[in-house]
Each structure stands twice: as structure tokens, then as C-alpha cells.
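So this one's run_39.cif, mmCIF, C-alpha atoms:
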data_work
loop_
_atom_site.label_atom_id
_atom_site.label_comp_id
_atom_site.auth_asym_id
_atom_site.auth_seq_id
_atom_site.Cartn_x
_atom_site.Cartn_y
_atom_site.Cartn_z
CA MET A 1 23.76 41.39 -84.54
CA ARG A 2 25.08 41.50 -88.11
CA ASP A 3 26.02 45.04 -89.13
CA ASN A 4 26.95 44.26 -92.73
CA LEU A 5 23.50 43.51 -94.12
CA PRO A 6 22.72 45.05 -97.51
CA GLU A 7 19.87 47.52 -97.81
CA ARG A 8 16.52 46.07 -98.77
CA ALA A 9 15.84 46.05 -102.51
CA GLU A 10 13.33 48.44 -104.02
CA HIS A 11 10.45 46.95 -106.00
CA GLY A 12 7.38 48.02 -107.93
CA GLY A 13 3.90 46.83 -107.06
CA ARG A 14 3.47 49.05 -103.98
CA VAL A 15 0.05 50.17 -105.07
CA ARG A 16 -1.69 49.15 -101.83
CA TRP A 17 0.69 51.38 -99.81
CA HIS A 18 0.24 54.26 -102.24
CA ARG A 19 -3.54 53.91 -102.19
CA THR A 20 -3.47 54.30 -98.42
CA ARG A 21 -1.40 57.48 -98.73
CA GLU A 22 -3.20 58.99 -101.70
CA LYS A 23 -6.69 58.11 -100.44
CA GLY A 24 -7.90 57.21 -103.89
CA GLU A 25 -7.74 54.76 -106.76
CA LEU A 26 -4.55 54.42 -108.75
CA LEU A 27 -3.69 52.90 -112.08
CA ASP A 28 -0.75 50.63 -111.29
CA PHE A 29 1.80 50.55 -114.11
CA SER A 30 4.61 49.70 -111.69
CA ALA A 31 3.89 45.95 -111.44
CA ASN A 32 4.41 43.76 -114.49
CA VAL A 33 1.43 41.42 -114.30
CA ASN A 34 -0.68 40.03 -117.12
CA PRO A 35 -3.45 42.52 -118.05
CA TYR A 36 -5.33 39.72 -119.83
CA PRO A 37 -5.08 36.72 -117.47
CA PRO A 38 -6.86 33.50 -118.37
CA ALA A 39 -10.14 32.94 -116.58
CA ILE A 40 -9.78 29.68 -114.70
CA PRO A 41 -12.46 27.90 -112.67
CA TRP A 42 -10.82 28.14 -109.25
CA CYS A 43 -12.81 28.45 -106.07
CA PRO A 44 -10.80 28.13 -102.84
CA ASP A 45 -12.05 25.57 -100.36
CA PRO A 46 -11.84 27.02 -96.80
CA SER A 47 -11.91 23.52 -95.30
CA ALA A 48 -8.46 22.89 -96.81
CA LEU A 49 -7.00 25.38 -94.33
CA LYS A 50 -7.43 23.04 -91.36
CA ASP A 51 -4.49 20.89 -92.50
CA TYR A 52 -0.84 21.66 -93.15
CA PRO A 53 0.16 21.65 -96.83
CA ASP A 54 2.02 18.58 -98.03
CA ASP A 55 5.53 20.00 -97.76
CA ARG A 56 6.71 17.65 -100.50
CA TYR A 57 4.08 19.19 -102.80
CA GLU A 58 3.95 15.98 -104.79
CA ALA A 59 0.67 16.63 -106.64
CA LEU A 60 1.76 20.17 -107.49
CA LYS A 61 5.19 19.12 -108.74
CA GLU A 62 3.71 16.31 -110.81
CA THR A 63 1.33 18.79 -112.44
CA ILE A 64 4.20 21.16 -113.24
CA GLY A 65 6.32 18.28 -114.50
CA ARG A 66 3.60 17.14 -116.91
CA THR A 67 3.21 20.69 -118.21
CA PHE A 68 6.90 21.04 -119.08
CA GLY A 69 7.95 17.45 -119.73
CA ARG A 70 10.07 17.29 -116.59
CA ASP A 71 10.16 14.77 -113.77
CA ALA A 72 8.61 15.91 -110.49
CA ALA A 73 12.02 15.44 -108.84
CA GLU A 74 13.35 18.22 -111.11
CA VAL A 75 10.85 20.80 -109.78
CA ALA A 76 11.23 23.16 -106.82
CA VAL A 77 8.44 25.39 -105.52
CA GLY A 78 8.45 28.42 -103.27
CA ASN A 79 6.63 31.40 -101.82
CA GLY A 80 7.31 33.57 -104.85
CA SER A 81 10.43 33.53 -106.98
CA VAL A 82 12.46 35.48 -104.41
CA GLU A 83 12.36 32.60 -101.94
CA LEU A 84 13.85 30.31 -104.57
CA ILE A 85 16.53 32.87 -105.48
CA ARG A 86 17.62 32.98 -101.86
CA ALA A 87 17.41 29.21 -101.38
CA PHE A 88 19.55 28.69 -104.48
CA CYS A 89 22.17 31.17 -103.28
CA TYR A 90 22.30 29.69 -99.78
CA THR A 91 22.74 26.28 -101.39
CA LEU A 92 25.60 27.13 -103.74
CA LEU A 93 27.33 30.28 -102.48
CA GLY A 94 29.30 31.26 -99.42
CA PRO A 95 32.19 33.46 -98.26
CA GLY A 96 34.91 33.61 -100.90
CA ASP A 97 32.56 32.88 -103.79
CA THR A 98 31.58 35.37 -106.48
CA ALA A 99 28.47 35.64 -108.64
CA CYS A 100 28.38 37.42 -111.99
CA ILE A 101 25.48 39.86 -112.35
CA ALA A 102 25.18 42.27 -115.28
CA ALA A 103 23.35 45.50 -114.39
CA PRO A 104 20.71 46.72 -114.71
CA THR A 105 18.64 43.75 -113.62
CA PHE A 106 16.47 42.41 -110.80
CA ALA A 107 17.88 43.62 -107.47
CA GLU A 108 17.10 40.43 -105.57
CA TYR A 109 19.97 38.55 -107.24
CA GLU A 110 22.55 40.79 -105.59
CA MET A 111 20.62 40.79 -102.32
CA ALA A 112 20.56 36.98 -102.20
CA VAL A 113 24.24 36.67 -103.15
CA ARG A 114 25.31 39.08 -100.42
CA LEU A 115 23.06 37.52 -97.79
CA ALA A 116 24.75 34.19 -98.58
CA GLY A 117 28.11 35.81 -97.81
CA ALA A 118 29.38 35.91 -101.39
CA ARG A 119 30.40 38.85 -103.59
CA CYS A 120 28.92 40.24 -106.78
CA THR A 121 31.00 40.98 -109.86
CA ALA A 122 30.51 41.85 -113.51
CA ASP A 123 33.41 39.54 -114.42
CA GLU A 124 32.40 36.08 -115.60
CA SER A 125 35.82 34.51 -115.01
CA GLY A 126 36.00 32.66 -111.75
CA ALA A 127 32.35 33.27 -110.83
CA ALA A 128 30.55 30.31 -109.27
CA VAL A 129 27.19 31.45 -110.62
CA ARG A 130 26.12 33.61 -113.56
CA PHE A 131 22.74 35.28 -113.23
CA LEU A 132 20.68 36.06 -116.30
CA CYS A 133 17.11 37.33 -116.52
CA ASN A 134 15.41 36.44 -119.82
CA PRO A 135 13.69 38.65 -120.80
CA ASN A 136 15.60 41.03 -118.59
CA ASN A 137 13.92 43.20 -116.00
CA PRO A 138 13.83 46.19 -116.50
CA THR A 139 15.24 46.43 -120.04
CA GLY A 140 13.10 43.78 -121.73
CA LYS A 141 16.09 42.35 -123.63
CA LEU A 142 15.28 38.80 -124.76
CA HIS A 143 18.01 36.27 -125.52
CA SER A 144 17.23 33.53 -128.00
CA ARG A 145 17.27 29.87 -126.98
CA PRO A 146 20.48 29.21 -128.96
CA GLU A 147 22.14 32.14 -127.18
CA ILE A 148 21.11 30.77 -123.79
CA LEU A 149 22.42 27.31 -124.63
CA ARG A 150 25.71 28.86 -125.71
CA LEU A 151 25.97 30.78 -122.42
CA LEU A 152 25.15 27.58 -120.54
CA GLY A 153 27.96 25.81 -122.35
CA GLU A 154 30.38 28.58 -121.44
CA ALA A 155 29.36 28.48 -117.79
CA ALA A 156 29.60 24.70 -117.62
CA GLY A 157 33.02 24.84 -119.25
CA GLN A 158 34.21 26.99 -116.35
CA GLY A 159 32.50 24.84 -113.71
CA ALA A 160 29.88 27.54 -113.02
CA TYR A 161 26.12 27.45 -112.73
CA LEU A 162 23.80 29.45 -114.96
CA PHE A 163 20.90 30.83 -112.96
CA LEU A 164 18.27 31.70 -115.56
CA ASP A 165 15.24 33.74 -114.50
CA GLU A 166 12.37 33.24 -116.94
CA ALA A 167 9.75 35.00 -114.81
CA PHE A 168 8.39 36.96 -117.78
CA ILE A 169 9.02 34.60 -120.68
CA GLU A 170 5.47 33.25 -120.58
CA LEU A 171 4.27 36.77 -121.50
CA SER A 172 7.06 37.23 -124.06
CA ASP A 173 8.18 34.32 -126.25
CA PRO A 174 8.18 30.89 -124.57
CA ALA A 175 9.82 29.39 -127.67
CA GLN A 176 13.06 30.89 -126.33
CA SER A 177 12.72 29.09 -122.98
CA VAL A 178 15.09 26.34 -121.86
CA ALA A 179 12.79 25.06 -119.11
CA ASP A 180 12.84 21.69 -120.87
CA VAL A 181 16.64 21.40 -120.66
CA SER A 182 18.11 19.23 -117.91
CA ASP A 183 21.73 20.14 -117.22
CA GLU A 184 23.71 19.87 -114.02
CA ASN A 185 24.89 23.48 -114.40
CA LEU A 186 21.44 25.00 -115.06
CA PHE A 187 18.74 26.33 -112.73
CA VAL A 188 15.64 27.84 -114.38
CA LEU A 189 13.33 30.07 -112.35
CA ARG A 190 9.68 30.75 -113.23
CA SER A 191 6.79 32.75 -111.73
CA LEU A 192 3.17 31.72 -112.16
CA THR A 193 1.71 34.71 -110.37
CA LYS A 194 2.80 37.26 -112.99
CA SER A 195 1.39 35.35 -115.93
CA PHE A 196 -1.93 34.64 -114.21
CA ALA A 197 -2.07 38.07 -112.51
CA VAL A 198 -2.27 36.81 -108.93
CA PRO A 199 0.87 38.24 -107.26
CA GLY A 200 -0.95 38.23 -103.92
CA ILE A 201 -0.74 34.45 -103.58
CA ARG A 202 3.08 34.40 -103.97
CA PHE A 203 4.05 31.33 -105.99
CA GLY A 204 7.26 30.59 -107.85
CA TYR A 205 8.77 27.40 -109.24
CA ALA A 206 12.04 26.25 -110.74
CA PHE A 207 13.75 23.46 -112.63
CA GLY A 208 17.08 21.75 -112.09
CA THR A 209 18.63 18.33 -111.77
CA PRO A 210 17.16 16.16 -108.98
CA GLU A 211 20.39 16.55 -107.00
CA LEU A 212 20.29 20.35 -107.13
CA ILE A 213 16.54 20.52 -106.49
CA GLU A 214 16.88 18.32 -103.40
CA LYS A 215 19.45 20.73 -101.97
CA VAL A 216 17.36 23.80 -102.76
CA GLU A 217 14.27 22.18 -101.23
CA THR A 218 16.29 21.37 -98.11
CA VAL A 219 17.24 25.03 -97.69
CA ARG A 220 13.71 26.27 -98.42
CA LEU A 221 11.62 26.84 -95.30
CA PRO A 222 8.90 24.19 -94.83
CA TRP A 223 5.27 24.80 -95.84
CA THR A 224 5.97 28.12 -97.54
CA VAL A 225 3.52 27.44 -100.39
CA ASN A 226 0.18 27.79 -98.64
CA THR A 227 -2.81 25.60 -99.43
CA PHE A 228 -4.67 28.22 -101.48
CA ALA A 229 -1.57 29.02 -103.54
CA GLU A 230 -1.02 25.32 -104.17
CA SER A 231 -4.60 24.68 -105.28
CA PHE A 232 -4.62 27.76 -107.54
CA ALA A 233 -1.32 26.75 -109.14
CA ILE A 234 -2.56 23.24 -109.91
CA GLU A 235 -5.68 24.63 -111.60
CA ALA A 236 -3.68 27.28 -113.47
CA PHE A 237 -1.28 24.74 -114.94
CA ARG A 238 -4.28 22.76 -116.20
CA HIS A 239 -5.15 25.86 -118.26
CA TYR A 240 -1.60 26.85 -119.12
CA ASP A 241 -2.21 26.86 -122.87
CA LEU A 242 -4.64 29.78 -122.48
CA LEU A 243 -1.65 32.10 -122.00
CA GLU A 244 -1.21 32.15 -125.79
CA GLU A 245 -4.15 34.54 -126.11
CA SER A 246 -2.65 36.72 -123.37
CA ARG A 247 0.64 36.96 -125.29
CA GLN A 248 -1.12 37.97 -128.50
CA ARG A 249 -3.17 40.69 -126.81
CA ILE A 250 -0.13 42.01 -124.92
CA ALA A 251 1.86 42.17 -128.16
CA ARG A 252 -0.87 44.25 -129.81
CA GLU A 253 -1.08 46.65 -126.86
CA ARG A 254 2.71 46.89 -126.64
CA THR A 255 2.86 47.94 -130.29
CA TRP A 256 0.14 50.55 -129.73
CA LEU A 257 1.81 51.90 -126.61
CA CYS A 258 5.21 52.13 -128.31
CA SER A 259 3.68 54.08 -131.19
CA ARG A 260 2.28 56.60 -128.72
CA LEU A 261 5.63 56.88 -126.94
CA ASP A 262 7.19 57.59 -130.34
CA GLY A 263 4.65 60.35 -130.75
CA LEU A 264 5.82 61.88 -127.48
CA GLY A 265 9.43 61.75 -128.65
CA LEU A 266 10.45 59.35 -125.90
CA ASP A 267 13.24 56.79 -126.27
CA TYR A 268 12.71 53.31 -124.89
CA ALA A 269 14.49 49.98 -124.85
CA PRO A 270 13.13 47.55 -127.47
CA PRO A 271 10.49 45.67 -125.45
CA SER A 272 9.74 41.96 -125.68
CA ALA A 273 7.42 41.37 -122.73
CA ASN A 274 4.66 43.18 -120.84
CA TYR A 275 6.74 46.18 -119.74
CA ILE A 276 8.75 49.01 -121.32
CA LEU A 277 11.82 50.84 -120.01
CA ILE A 278 11.52 54.51 -120.98
CA GLU A 279 14.16 57.23 -120.90
CA VAL A 280 12.65 60.53 -119.76
CA PRO A 281 13.93 64.13 -120.15
CA MET A 282 13.95 64.85 -116.41
CA GLU A 283 14.77 63.24 -113.09
CA ALA A 284 12.64 60.12 -112.76
CA GLU A 285 11.54 60.90 -109.22
CA VAL A 286 10.05 64.22 -110.34
CA LEU A 287 8.06 62.63 -113.15
CA VAL A 288 6.94 59.78 -110.89
CA GLU A 289 5.50 62.25 -108.39
CA ARG A 290 3.76 64.24 -111.13
CA LEU A 291 2.19 61.08 -112.52
CA LEU A 292 1.18 59.97 -109.06
CA SER A 293 -0.70 63.23 -108.55
CA ARG A 294 -2.75 62.23 -111.59
CA GLY A 295 -3.48 58.77 -110.24
CA VAL A 296 -0.87 56.86 -112.26
CA LEU A 297 1.84 54.80 -110.56
CA VAL A 298 4.95 53.89 -112.57
CA ARG A 299 8.25 52.28 -111.61
CA ASP A 300 10.98 54.72 -110.65
CA CYS A 301 14.18 53.11 -112.01
CA ARG A 302 16.68 54.92 -109.81
CA SER A 303 17.13 51.71 -107.82
CA PHE A 304 18.33 50.06 -111.06
CA GLY A 305 20.96 52.81 -111.38
CA LEU A 306 18.87 54.59 -114.02
CA PRO A 307 17.98 58.03 -112.62
CA ARG A 308 16.30 59.21 -115.83
CA HIS A 309 14.25 56.15 -116.63
CA ILE A 310 10.85 54.80 -115.69
CA ARG A 311 9.40 51.38 -116.36
CA VAL A 312 5.74 50.98 -117.27
CA ALA A 313 3.68 47.84 -117.57
CA VAL A 314 1.64 47.14 -120.68
CA ARG A 315 -2.00 47.19 -119.64
CA THR A 316 -5.38 47.36 -121.39
CA ARG A 317 -6.03 49.86 -124.20
CA GLU A 318 -8.06 52.24 -122.06
CA GLU A 319 -5.50 52.13 -119.23
CA ASN A 320 -2.64 52.62 -121.68
CA ARG A 321 -4.47 55.61 -123.15
CA GLN A 322 -4.74 57.13 -119.67
CA LEU A 323 -1.00 56.62 -119.17
CA ILE A 324 -0.21 58.46 -122.40
CA GLU A 325 -2.52 61.32 -121.45
CA ALA A 326 -0.83 61.58 -118.05
CA LEU A 327 2.62 61.59 -119.65
CA GLU A 328 1.57 64.33 -122.05
CA ALA A 329 0.45 66.45 -119.11
CA CYS A 330 3.50 65.78 -116.92
CA LEU A 331 6.44 65.87 -119.31
CA PRO A 332 8.26 69.20 -119.78
#

For this file, produce the structure as C-alpha cells.
Amino acid sequence: MRDNLPERAEHGGRVRWHRTREKGELLDFSANVNPYPPAIPWCPDPSALKDYPDDRYEALKETIGRTFGRDAAEVAVGNGSVELIRAFCYTLLGPGDTACIAAPTFAEYEMAVRLAGARCTADESGAAVRFLCNPNNPTGKLHSRPEILRLLGEAAGQGAYLFLDEAFIELSDPAQSVADVSDENLFVLRSLTKSFAVPGIRFGYAFGTPELIEKVETVRLPWTVNTFAESFAIEAFRHYDLLEESRQRIARERTWLCSRLDGLGLDYAPPSANYILIEVPMEAEVLVERLLSRGVLVRDCRSFGLPRHIRVAVRTREENRQLIEALEACLP
């Protein structure tokens, strides 16, 4: 038995567990999903469950390829983005390798690197892979497309891969995406379930060169995208353009929510997506428990190494108003 496994990463979105404990309804601000998802005409067909999914996912990959102007051979799919993070790391990293990860950011990068037997570092020199989340989780920092292309050039010049996580860019500014760029040193990760507010189906996808995608798909466990997830994803991509309205509504609510945080005298990182990292004048765990007692669940950022920060999703106006009222009551 391996005794050097890293501890499991902490995540938001544990509302179902909390509801069981609290015996009541909760407003979940801990998970960053689209509060204004497009309404798409999807009705699952139970008869589809009698067959295995097509593990090549040809129809799904062709649909994704058409949406982004990529060949189907340049598309990988998985049971959520985390599966693809781990498949990528198992494909490219091993003992003796290092991966550059700048904190604070999504904990699953480090988890996947360490499970692959490699080491994490903040030093770019000599790293086999550089991880970048754009916009970053939890800070919301958004790099421009020219910045990303410059970083890709630097990585390629050192023989390294740039692993670019664009899980939230669809709810931020897709003009800054490089999902259309084919480069042998680039792997771009996406998540459909956040933008369409269906995290329960677990679906992620990614882009890379055909050679890299073939390796990642070889490492990925077979049939991990279930039939319902596949059929939903195909229908969602047919209505992908409807996310523009979601972005506009989120931007308006984000502005409103930031103005109310200003009124409370709270500092926050400049947000670009559907979540805000807030510095609070007390230990985060204390505030989280106080908010929970009022039926509001937020993300405790201690696991990001930020003991006096919380992260809150941007939700609807009425829900955001309830968050502000709860903060007013719970802050010192």
C-alpha cells in the first residue's frame, strides 16, 4: 500500500452534504455555476441506458469540433475536468519531473502532479508543464489572449507544455480564449457543466494536437462519459451561443454585488467571472460557520492558503441580496 499519497483536495459545492447535516435549505454560494443557464430542449431517453456509450465519442467530439473550429481528433472528453487533469498528468509526468503551479489556484493540479509521481514547484525553469487557470480560481484574475500566447511561446521555447484551464472563461470573456489555437505544447481544458449549471452530470472536454489527445484518451478510463452526459453535452453545444446572455446578466449582478461589498468595507480581488474572492476581517472558518447558521454556504479559502478569505459565487439578484444581508449580520 502506498503511504505517500497526498491528502484529498478540498472543494466547494458540498451543498448536498450540508443540507443533510443542517436539515434545511441552503443558498449555495460555494459552487461557481451559471445562475442564468440557457434553457435547452433536452429530455433524457431512458432506453439509451441499455447500451454502452461509444467510447470513441465520435458524434460528441464532432459537435465540439464544429463549435470551436477544431478537428474531432483534437478533442478529448472526460467525466468532469478533473479526470482530464489527471489523465494529462499521467500522460506527461513521472518521477523526476516538475510542474510549475502558481498559488493560489485549483488544488487538483497539484494533486494530479503528485499522483503521477512528479513534484510541484513555483519555478518555471526546468518544469515539464506549466499550469495556468484563466480566469484563475479563486482569484478571478484573467489573462488576455496575447498574454497567454506569450506564455505559450515561453513554455515552448523551454520544451515545456502549457496546461491552460479555461473552465470559467465561458462565463467571463471568451474573446481571451485560445481554444482555437493548435500547438504541440498546448493543452486547453474546458468544463461544460459550470456554464450550463449541470455539475451533477460531470462533463469536461479539452483541446490539443491529435498526438497528445490520443495519449490522453488512452490513459482515460473507458466509458467515463455516461450516455445522459453525452446526450446533454451534444444538445448544449447546439445552443452554445445562448451563453452570451448569461455573461451579460452575470456581469450586471457582479457589478451590483461588488458595490454592496464596497458598502460593507470589504476588500476583494478584481473579479472577471461568476465568483469573487473576498478578504474578511476574521478567521474564514468562523465567518463560514456564522453564515451557515443563516442558511448561506460560502467557500472557505483556507485550503487555498488564504485563512482570511472566502469565495462567493455570483447568483441572482435576490440571492445576492440575501448574501449581503447575511454578511451584514455576521461580520464583526

- Coordinates-based distance that separates atom CA of A:Pro271 from atom CA of A:Leu242 (Å, one decimal):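 That distance, rounded to one decimal, is 22.1 Å.
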
- A:Thr139 environment, 7 Å, only C-alpha atoms, sequence neighbours closer than 2 positions dropped, as a count of residues only: 5

- On this file, the PyMOL selection byres ((chain A and resi 319) around 12) gives some set of residues; write that set as a PyMOL selection string. chain A and resi 26-29+35+253+257+295-297+312-318+320-326

- the PyMOL selection byres ((chain A and resi 58) around 12) applied to the shown file, residues as a list in words: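 What the PyMOL selection byres ((chain A and resi 58) around 12) grabs from the file is Pro53, Asp54, Asp55, Arg56, Tyr57, Ala59, Leu60, Lys61, Glu62, Thr63, Ile64, Gly65, Asp71, Ala72, Ala73, Glu74, Val75, Ala76, Val77, Glu230 and Ile234 of chain A.
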
- Pick out the closest residue to A:Val181 from this set: A:Ile276, A:Leu149, A:Leu266, A:Ala167. Count only C-alpha atoms.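 Going through A:Ile276, A:Leu149, A:Leu266, A:Ala167 one by one, the smallest distance to A:Val181 is for A:Leu149.
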
- Give the answer as one residue: which of A:Lys215, A:Arg202, A:Lys194, A:Arg150 has the shortest atom-to-atom distance to A:Val82, using only C-alpha atoms?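 Closest to A:Val82 of all the choices is A:Arg202.
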